[in-house]
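These notes concern the structure reproduced below.
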Amino acid sequence: MGACESRPSTTTKMTMGIERVLKEKFGEAIKEVRQVYDQQVVDTTAEAVNAHLDILRPAIKNFGGSVEVLSVEEGNCNVKYVGPESIGSGIKAAIK
């Protein structure tokens with residue numbers, strides 16, 4: 001999250017870190033770590049984004065923040081967020 005979220009190497013570093021920890025724990029039983037995406041294609045709607053954010057809203061509120069979905073058009077999600085910048089970065093990553 002934060003400044004690293006837009007860097008192309010972030011996913012690679014995350015994969016390498018997960019693979020290292022799993023190999024430490026399970027040894028040679030781990031051959032490869034791959035990112036798997038859901039095969040189901042889901043249209044992004046305001047309702048879908050709100051449902052996802054509903055999981056995060058209690059934590060957001062605990063940090064003094066709030067988030068409201070303003071619109072979702074052509075894959076672009078516009079939200080109004082009030083609160084700490086670090087939490088805002090996390091919300092941005094969660095919506096992606």
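Chain labels follow the order of the structure tokens: the first chain is A, the next B, and so on; residue numbering restarts at 1 in every chain, and ligands are counted from 1 in their shown order.
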DSSP strand (DSSP E) residues within chain A, as a PyMOL selection string | chain A and resi 66-73+76-82
Leaving out Val67 of chain A and any residue of its chain fewer than 4 positions from it, which residues lie within 10 Å of it when counting only C-alpha atoms, given as a tab-separated table (two decimals) with N, CA and C atoms, in the first residue's frame?
chain	number	residue	atom	x	y	z
A	50	ASN	N	-19.77	-0.53	-3.05
A	50	ASN	CA	-20.29	-0.29	-1.70
A	50	ASN	C	-20.29	-1.57	-0.87
A	53	LEU	N	-16.79	-2.09	0.19
A	53	LEU	CA	-16.40	-1.10	1.20
A	53	LEU	C	-17.11	-1.31	2.53
A	54	ASP	N	-18.29	-1.93	2.50
A	54	ASP	CA	-19.01	-2.20	3.75
A	54	ASP	C	-18.18	-3.04	4.70
A	56	LEU	N	-14.97	-2.81	4.98
A	56	LEU	CA	-13.92	-1.94	5.51
A	56	LEU	C	-14.43	-0.77	6.34
A	57	ARG	N	-15.69	-0.41	6.18
A	57	ARG	CA	-16.21	0.80	6.82
A	57	ARG	C	-16.05	0.84	8.33
A	60	ILE	N	-12.51	1.89	8.90
A	60	ILE	CA	-12.34	3.28	8.43
A	60	ILE	C	-12.91	4.25	9.46
A	61	LYS	N	-14.07	3.91	9.99
A	61	LYS	CA	-14.71	4.76	11.00
A	61	LYS	C	-13.87	4.83	12.27
A	79	VAL	N	-15.00	8.31	-5.48
A	79	VAL	CA	-15.43	8.24	-4.10
A	79	VAL	C	-15.07	9.53	-3.37
A	80	LYS	N	-15.81	9.79	-2.32
A	80	LYS	CA	-15.49	10.90	-1.43
A	80	LYS	C	-14.97	10.27	-0.15
A	81	TYR	N	-13.72	10.56	0.16
A	81	TYR	CA	-13.11	10.01	1.36
A	81	TYR	C	-12.66	11.15	2.25
A	82	VAL	N	-12.95	11.01	3.54
A	82	VAL	CA	-12.49	11.95	4.55
A	82	VAL	C	-11.78	11.14	5.62
A	83	GLY	N	-10.54	11.53	5.94
A	83	GLY	CA	-9.81	10.81	6.97
A	83	GLY	C	-8.32	10.81	6.69
A	88	GLY	N	-6.71	6.32	3.26
A	88	GLY	CA	-7.18	6.61	1.90
A	88	GLY	C	-6.43	5.78	0.86
A	91	ILE	N	-7.85	2.35	0.91
A	91	ILE	CA	-9.16	2.30	0.26
A	91	ILE	C	-8.97	2.24	-1.24
Test item: residues at most 9 Å from segment 45-47 of chain A, only C-alpha atoms, excluding those fewer than 6 positions along its chain, as a VMD selection string | chain A and resid 69 to 73 75 77
Selected residue of minimal separation from Asn78 of chain A among A:Val36, A:Gly65, A:Ala51, A:Lys92, counting only C-alpha atoms = A:Lys92
Among listed residues A:Ile95, A:Glu74, A:Gly27, A:Met14, nearest Ala48 of chain A (using only C-alpha atoms) =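 Going through A:Ile95, A:Glu74, A:Gly27, A:Met14 one by one, the smallest distance to Ala48 of chain A is for A:Ile95.
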From the set A:Asn76, A:Gln35, A:Thr12, A:Asn62, which residue has the shortest atom-to-atom contact distance to Lys96 of chain A, counting only C-alpha atoms?
-> A:Asn76
Could you tell me how far atom CA of Glu85 of chain A lies from atom CA of Lys13 of chain A, in Å and to one decimal?
->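 Atom-to-atom, atom CA of Glu85 of chain A and atom CA of Lys13 of chain A are spaced 23.6 Å apart.
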Residues of chain A in helix (DSSP H, G or I) according to DSSP, as a ChimeraX atom specification?
-> /A:2-6,9-29,46-62,85-95
Using the selection just defined, write its residues with C-alpha atoms as a short mmCIF file (atom, residue, chain, number, x, y, z; two decimals), in the first residue's frame.
data_model
loop_
_atom_site.label_atom_id
_atom_site.label_comp_id
_atom_site.auth_asym_id
_atom_site.auth_seq_id
_atom_site.Cartn_x
_atom_site.Cartn_y
_atom_site.Cartn_z
CA GLY A 2 1.02 3.62 -0.06
CA ALA A 3 3.77 4.72 -2.42
CA CYS A 4 4.48 1.13 -3.50
CA GLU A 5 1.02 0.39 -4.84
CA SER A 6 1.68 1.93 -8.26
CA SER A 9 7.71 -4.46 -9.02
CA THR A 10 5.37 -4.52 -6.01
CA THR A 11 3.54 -7.67 -7.13
CA THR A 12 6.81 -9.43 -7.84
CA LYS A 13 8.23 -8.48 -4.43
CA MET A 14 5.04 -9.63 -2.72
CA THR A 15 5.10 -12.96 -4.58
CA MET A 16 8.78 -13.49 -3.72
CA GLY A 17 8.13 -12.71 -0.06
CA ILE A 18 5.20 -15.10 0.16
CA GLU A 19 7.17 -17.80 -1.65
CA ARG A 20 10.16 -17.35 0.70
CA VAL A 21 8.00 -17.69 3.82
CA LEU A 22 6.15 -20.73 2.47
CA LYS A 23 9.43 -22.43 1.49
CA GLU A 24 10.85 -21.75 4.95
CA LYS A 25 7.79 -23.39 6.48
CA PHE A 26 7.15 -26.23 4.01
CA GLY A 27 10.52 -26.70 2.31
CA GLU A 28 10.66 -28.41 -1.08
CA ALA A 29 6.92 -29.18 -0.97
CA ALA A 46 -21.68 1.39 -7.30
CA GLU A 47 -23.53 -1.38 -5.43
CA ALA A 48 -20.61 -3.80 -5.84
CA VAL A 49 -18.07 -1.21 -4.67
CA ASN A 50 -20.29 -0.29 -1.70
CA ALA A 51 -20.64 -3.96 -0.76
CA HIS A 52 -16.85 -4.30 -0.79
CA LEU A 53 -16.40 -1.10 1.20
CA ASP A 54 -19.01 -2.20 3.75
CA ILE A 55 -16.45 -4.73 4.97
CA LEU A 56 -13.92 -1.94 5.51
CA ARG A 57 -16.21 0.80 6.82
CA PRO A 58 -16.04 -0.17 10.53
CA ALA A 59 -12.23 0.06 10.46
CA ILE A 60 -12.34 3.28 8.43
CA LYS A 61 -14.71 4.76 11.00
CA ASN A 62 -12.42 3.68 13.87
CA GLU A 85 -4.15 9.79 4.06
CA SER A 86 -2.72 6.37 4.88
CA ILE A 87 -6.21 4.89 5.16
CA GLY A 88 -7.18 6.61 1.90
CA SER A 89 -4.34 4.78 0.13
CA GLY A 90 -5.66 1.50 1.50
CA ILE A 91 -9.16 2.30 0.26
CA LYS A 92 -7.78 3.08 -3.19
CA ALA A 93 -5.97 -0.26 -3.28
CA ALA A 94 -9.08 -2.12 -2.07
CA ILE A 95 -11.25 -0.59 -4.79
#
